[in-house]
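A.B. asks: This is the structure, below, for whatever I ask next.
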Amino acid sequence: MKRILASVTDGKGFDIGLVLLPLAFLFIMSGLPLVYNVVMSFQEVDMFSLGSFVRPFVGFKNYVDLFSQPETRPILLNTALFVSSSIAGQFLIGFGLALFFWMNFPGASWLRGLFLVSWVMPGLVVGAIWNWILSGDFGVLNFFLRETGVIEGNIFWRSDPNYSLWAVIIANIWLGTSFNMILLSVGLSGIPKDLYEAAELDGANALQRFFTITLPMMRSTIGAIIALGLIFTLQQFDLFAGITSGGPNNSSNVTQYWAWDLSFRQYDFAKGATISVIMIVFVMLASVVYVRSTRHEVRG
Amino acid sequence: MSDQLRNRVMLAVALLLAAIYLFPLYWMYITALKTGSSMFATPPKFLPSEPQWGIYAFVWESRNMGRYLWNSLVIALGAVSLIAVLGVGCAYVLARYRNVWVDIGLFLILMLQVLPASLMITPIFVGFSQFGLLDTPRFAVILAIAAKSMPFFVVLVRATFMSVPMELEEAALVDGNSRIGAFFNIVLPLARNGILVSAILIFMQAFGEFVYSKSMIQDIELQPASVGLNSFMGPNTNEWNNIMAYATIYVTPILAAFILLQRRIVSGLTSGALK
């Protein structure tokens, strides 16, 4: 006993204790729910069996039911569109801004950091602001588009099924651009300056330098950022709650909102769990890419 | 073109870009000050002719914002304390050693970092209700947020510990400190700033958390400000000036803290997420 105590205060036991306690917490609070999620997706869960641990097993019925629902396909397509356009928008605008702020001038780093306010704001507040900006008759975005001659009549971003998903995508691009930009800036500042000097002496123009030095040197950073973007856009929930609530008629619904909607609006916990399982598997695959691309940096 | 002129032009363009990017924030602040009718004017006014400063007090009273913000504060502080107590030690050990076990631990932690809250809430809600945790809903939300955000905190704080030279700790051990003594007297004070910045980041996230609170807290007395804002925004609302005033009161403290600590937050964030 005394030996164990001494080890905890002054030996290996100290380290093991420090690490095991949080890992145990994470196991109970994240690991067990993950397992429970899989279990529930094979069970029949309704309001009456919610409180009991013993529920009838139904095999793959939930999965079969899910994929025979008419709204499943459109929602999966919406998710793919939401993820790909959000990542493309965030990355391209973020890269452009990062390249601009990379050219040194006084105040560059402070101004660049200021962009990150979009990222620290509560997601629901961002949703509320964009909800108002995107409003049909009185929205300021429609006003700008009209003034610049891009559109003739007002676009009803939130209530027109053709635009409702784009309303959320626009807000999400705004939200994520700053984070992309900051991480890309870090990557850019890691490229040795003498590479560019050498290329300039050899007569390479700006465009050639970008494609032969900047892009290849940024490859692992870009891979990590795209993977992170995938992870973050699949986590995006608040903007849907704040702007369209998945409507009208599921036209802006995506899996991560749908899973919550099924569980907490329609009280179909089994279906909610089923979608969660499918999406979590998907997110985990994305995160393996992310972890692999940052591995040497994280190990230090 | 002289250097000075170039710098001025660049700065002007940068300011313009920042102004465009931050326009939504400006629009929030301006809309809050407009009257009910000028809010719906076409073309929209970009400077309110008669700013309604009284709106903040009105919204604060009528929406009971004091209670909402207090609940947000309780949840955020609870989550940050729990995460800091559990996460700092974990980050320290993961930074101090290099072996297979550390790699496995890091991998697990990075994997847990990516689980979307809106997908995890289904099993967490059902499990918590079975163990009676939903009787203390704010505590349940604190637990859920802690589990969600701790991996991120560990990754950030680990990067801080990596920059503390190990020789200092070894010297303290040679001088007769115990491991606990060296940890609290030498390592922790040296890593204090990094831990503080990471804790602030986690606090900001938890202060705006929505999914868990919305799903687990039914009692309106215990709901945080994010849920309050959500119930304020009905599907066909036209009280946009009041909603924007609510949003202003909610985010201004966060924005102020961010701008004050901007440099530290940005560098802390980038050192952990990516190098």
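Residue numbering restarts at 1 for every chain of the structure tokens, chains are lettered A, B, ... in their displayed order, and ligands are numbered from 1 as they appear.
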Quick one: residues within 6 Å of range 119-134 of chain B, only C-alpha atoms, excluding same-chain residues fewer than 3 positions away - as JSON, numbers by chain?
C.D. replies: {"A": [33, 37, 51, 276], "B": [116, 137, 140]}
A.B. asks: For Ser293 in chain A, list every protein, DNA or RNA residue within 7 Å, evaluated using only C-alpha atoms, and leave out those in the same chain fewer than 2 positions away; present the list as an MDAnalysis selection string.
C.D. replies: chainID A and resid 220 223:224 289:291 295
A.B. asks: Residues as selected, C-alpha atoms, written as a tab-separated table (two decimals), in the first residue's frame, can you do that?
C.D. replies:
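Output below, filename part_17.tsv:
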chain	number	residue	atom	x	y	z
A	220	SER	CA	0.40	18.36	-46.23
A	223	GLY	CA	-4.57	17.94	-46.90
A	224	ALA	CA	-4.98	18.53	-43.19
A	289	VAL	CA	-6.89	11.22	-42.94
A	290	TYR	CA	-6.51	14.28	-40.74
A	291	VAL	CA	-4.58	12.47	-38.02
A	295	ARG	CA	1.01	12.98	-37.35
A.B. asks: Restrict the calculation to only C-alpha atoms, then for each residue of chain B with any atom at most 6 Å from an atom of chain A give the closest atom pair and their distance in Å to one decimal, rows by chain and rising residue number, as CSV.
C.D. replies:
residue,atom,partner,partner_atom,distance
B:Asn7,CA,A:Phe105,CA,5.4
B:Phe40,CA,A:Phe138,CA,5.7
B:Leu86,CA,A:Pro22,CA,5.2
B:Gly89,CA,A:Leu18,CA,5.0
B:Cys90,CA,A:Val19,CA,4.6
B:Val93,CA,A:Asp15,CA,5.9
B:Pro116,CA,A:Gln235,CA,4.5
B:Ser118,CA,A:Trp260,CA,5.9
B:Leu119,CA,A:Ser276,CA,4.9
B:Pro123,CA,A:Asn37,CA,5.2
B:Ile124,CA,A:Pro33,CA,5.7
B:Gln130,CA,A:Gly51,CA,5.4
B:Ala147,CA,A:Leu26,CA,5.7
B:Ser178,CA,A:Asp10,CA,5.3
B:Arg179,CA,A:Asp10,CA,4.7
B:Ile180,CA,A:Thr9,CA,5.8
B:Gly208,CA,A:Pro122,CA,4.2
B:Ala247,CA,A:Val125,CA,5.9
A.B. asks: Give me a file of those residues, with C-alpha atoms, as a compact mmCIF listing (two decimals), in the first residue's frame.
C.D. replies:
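Resulting contents of again-v6.txt:
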# COMPACT_ATOMS: atom_id res chain seq x y z
CA ASN B 7 2.47 49.61 -47.41
CA PHE B 40 -37.82 47.48 -43.12
CA LEU B 86 -8.85 16.47 -15.98
CA GLY B 89 -2.51 16.29 -16.35
CA CYS B 90 -3.37 14.25 -19.39
CA VAL B 93 1.92 13.13 -19.58
CA PRO B 116 -20.29 15.76 -34.08
CA SER B 118 -25.66 16.54 -32.95
CA LEU B 119 -24.92 12.88 -33.67
CA PRO B 123 -27.14 8.05 -27.21
CA ILE B 124 -26.06 10.58 -24.58
CA GLN B 130 -31.67 6.14 -17.80
CA ALA B 147 -16.42 15.07 -23.01
CA SER B 178 8.88 15.03 -5.55
CA ARG B 179 7.15 14.54 -8.90
CA ILE B 180 4.06 16.29 -7.56
CA GLY B 208 -22.29 29.46 -27.13
CA ALA B 247 -27.47 38.88 -30.09
A.B. asks: Can you tell me, as a PDB file with C-alpha atoms, in the first residue's frame, what residues are no more than 12 Å from Phe82 in chain A when counting only C-alpha atoms, ignoring any on the same chain fewer than 3 positions away?
C.D. replies:
ATOM      1  CA  PRO A  74     -32.294  13.926 -51.136  1.00  0.00           C
ATOM      2  CA  ILE A  75     -30.923  14.485 -47.633  1.00  0.00           C
ATOM      3  CA  LEU A  76     -27.766  12.511 -48.386  1.00  0.00           C
ATOM      4  CA  LEU A  77     -27.320  14.496 -51.598  1.00  0.00           C
ATOM      5  CA  ASN A  78     -27.892  17.730 -49.670  1.00  0.00           C
ATOM      6  CA  THR A  79     -25.205  16.702 -47.211  1.00  0.00           C
ATOM      7  CA  SER A  85     -19.476  23.613 -51.502  1.00  0.00           C
ATOM      8  CA  SER A  86     -18.733  24.772 -47.968  1.00  0.00           C
ATOM      9  CA  ILE A  87     -15.232  23.329 -48.060  1.00  0.00           C
ATOM     10  CA  ALA A  88     -14.569  24.673 -51.557  1.00  0.00           C
ATOM     11  CA  GLY A  89     -15.781  28.155 -50.626  1.00  0.00           C
ATOM     12  CA  GLN A  90     -14.006  28.300 -47.287  1.00  0.00           C
ATOM     13  CA  TYR A 163     -32.052  28.345 -52.423  1.00  0.00           C
ATOM     14  CA  SER A 164     -32.612  27.268 -48.815  1.00  0.00           C
ATOM     15  CA  LEU A 165     -29.569  24.995 -48.702  1.00  0.00           C
ATOM     16  CA  TRP A 166     -27.466  27.749 -50.281  1.00  0.00           C
ATOM     17  CA  ALA A 167     -28.562  30.111 -47.539  1.00  0.00           C
ATOM     18  CA  VAL A 168     -26.906  27.844 -44.985  1.00  0.00           C
ATOM     19  CA  ILE A 169     -23.885  27.244 -47.228  1.00  0.00           C
ATOM     20  CA  ILE A 170     -23.266  30.994 -47.561  1.00  0.00           C
ATOM     21  CA  ALA A 171     -23.394  31.443 -43.802  1.00  0.00           C
ATOM     22  CA  ASN A 172     -21.151  28.427 -43.265  1.00  0.00           C
ATOM     23  CA  ILE A 173     -18.568  29.667 -45.752  1.00  0.00           C
ATOM     24  CA  GLY A 229     -13.007  21.286 -43.075  1.00  0.00           C
ATOM     25  CA  LEU A 230     -14.845  18.028 -43.691  1.00  0.00           C
ATOM     26  CA  PHE A 232     -16.125  20.846 -39.096  1.00  0.00           C
ATOM     27  CA  THR A 233     -18.817  21.045 -41.783  1.00  0.00           C
ATOM     28  CA  LEU A 234     -20.198  17.696 -40.687  1.00  0.00           C
ATOM     29  CA  GLN A 235     -20.395  19.108 -37.155  1.00  0.00           C
ATOM     30  CA  GLN A 236     -22.314  22.174 -38.308  1.00  0.00           C
ATOM     31  CA  PHE A 237     -25.696  22.162 -36.626  1.00  0.00           C
ATOM     32  CA  LEU A 239     -26.633  27.320 -38.556  1.00  0.00           C
ATOM     33  CA  PHE A 240     -29.382  24.932 -39.617  1.00  0.00           C
ATOM     34  CA  SER A 251     -34.867  20.988 -48.984  1.00  0.00           C
ATOM     35  CA  SER A 252     -32.081  22.225 -46.716  1.00  0.00           C
ATOM     36  CA  ASN A 253     -31.902  19.210 -44.427  1.00  0.00           C
ATOM     37  CA  VAL A 254     -28.608  17.396 -43.934  1.00  0.00           C
ATOM     38  CA  THR A 255     -27.841  14.200 -42.054  1.00  0.00           C
ATOM     39  CA  GLN A 256     -26.466  15.779 -38.879  1.00  0.00           C
TER      40      GLN A 256
END
A.B. asks: Can you tell me, as number ranges by chain, what residues are no more than 8 Å from Asn71 in chain B when counting only C-alpha atoms, ignoring any on the same chain fewer than 6 positions away?
C.D. replies: B: 222-225
A.B. asks: From a DSSP calculation on the backbone, collect every residue of range 40-234 of chain B in helix (DSSP H, G or I) and output the set as a PyMOL selection string.
C.D. replies: chain B and resi 40+55-62+65-96+100-113+117-130+133-135+137-162+166-174+179-190+192-207+211-216+220-222+225-232
A.B. asks: May I have the residues within 8 Å of Leu69 in chain B as a ChimeraX atom specification, using only C-alpha atoms and disregarding those fewer than 3 positions away in the same chain?
C.D. replies: /B:65-66,72-73,224-225,250
A.B. asks: I need the residues from that last selection saved to file as a CSV table (one decimal), in the first residue's frame (with C-alpha atoms), if you can.
C.D. replies:
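Listing of result31.csv after writing:
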chain,number,residue,atom,x,y,z
B,65,MET,CA,-31.6,37.8,-20.4
B,66,GLY,CA,-30.0,37.9,-17.0
B,72,SER,CA,-24.7,30.1,-19.9
B,73,LEU,CA,-22.0,31.2,-17.5
B,224,PRO,CA,-28.7,29.1,-21.5
B,225,ALA,CA,-28.7,32.1,-23.8
B,250,TYR,CA,-24.9,38.0,-26.0
A.B. asks: Just to confirm, what's the straight-line distance from CA of Phe203 in chain B to CA of Asp135 in chain B in Å (one decimal)?
C.D. replies: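 According to the coordinates, CA of Phe203 in chain B and CA of Asp135 in chain B are separated by 24.1 Å.
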A.B. asks: Distance CA of Phe156 in chain A-CA of Ser135 in chain A, one decimal place?
C.D. replies: 6.8 Å
A.B. asks: Would you compute the distance between CA of Val100 in chain B and CA of Glu167 in chain B? Give it in Å to one decimal.
C.D. replies: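 Separation between CA of Val100 in chain B and CA of Glu167 in chain B: 22.9 Å.
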A.B. asks: Between A:Ser49, A:Ile93, A:Asp65, A:Ala227, which has the minimum distance to Leu17 in chain B (counting only C-alpha atoms)?
C.D. replies: A:Ile93
A.B. asks: Within 10 Å of Thr160 in chain B, counting only C-alpha atoms, which residues show up once you throw out same-chain ones fewer than 6 positions away? Write them as a list in words, please.
C.D. replies: Ala91, Tyr92, Ala95, Val154, Leu190, Ala191, Arg192, Asn193, Gly194, Ile195, Ser198, Gly268, Ser271 and Gly272 of chain B
A.B. asks: List the spatial neighbours of range 199-202 of chain B as a PyMOL selection string - criterion: any atom at most 10 Å away, only C-alpha atoms, same-chain residues fewer than 6 positions off excluded.
C.D. replies: (chain A and resi 120) or (chain B and resi 76-77+79-81+83-84+145-146+149-150+152-153+156-157+193+254+257-258+261+265-266+268-269)
A.B. asks: Go ahead and write the residues just picked, C-alpha atoms, as a CSV table (one decimal), in the first residue's frame.
C.D. replies:
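Output file selection_22.csv follows:
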chain,number,residue,atom,x,y,z
A,120,VAL,CA,-15.4,32.5,-31.8
B,76,ALA,CA,-19.4,27.3,-19.4
B,77,LEU,CA,-17.5,27.7,-16.1
B,79,ALA,CA,-17.3,22.7,-18.3
B,80,VAL,CA,-14.0,24.6,-18.3
B,81,SER,CA,-13.2,23.7,-14.7
B,83,ILE,CA,-11.9,20.0,-18.5
B,84,ALA,CA,-9.0,21.9,-17.0
B,145,ILE,CA,-19.6,19.5,-23.2
B,146,ALA,CA,-16.6,18.4,-21.1
B,149,SER,CA,-14.2,19.6,-25.8
B,150,MET,CA,-11.6,18.0,-23.6
B,152,PHE,CA,-9.3,19.7,-28.2
B,153,PHE,CA,-8.0,21.2,-24.9
B,156,LEU,CA,-3.7,22.6,-27.3
B,157,VAL,CA,-2.2,22.3,-23.8
B,193,ASN,CA,-0.2,31.2,-20.2
B,254,ILE,CA,-17.0,37.4,-26.2
B,257,ALA,CA,-12.4,39.3,-24.8
B,258,PHE,CA,-11.3,38.0,-28.1
B,261,LEU,CA,-6.4,38.5,-26.2
B,265,ILE,CA,-5.5,33.1,-28.9
B,266,VAL,CA,-4.5,32.9,-32.5
B,268,GLY,CA,-2.3,29.2,-29.1
B,269,LEU,CA,-4.9,27.9,-31.6
A.B. asks: Between B:Ala206, B:Ile109, B:Met10, B:Val59, which has the minimum distance to Ala24 in chain A (counting only C-alpha atoms)?
C.D. replies: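 Checking each candidate against Ala24 in chain A, we get B:Ile109 as the closest.
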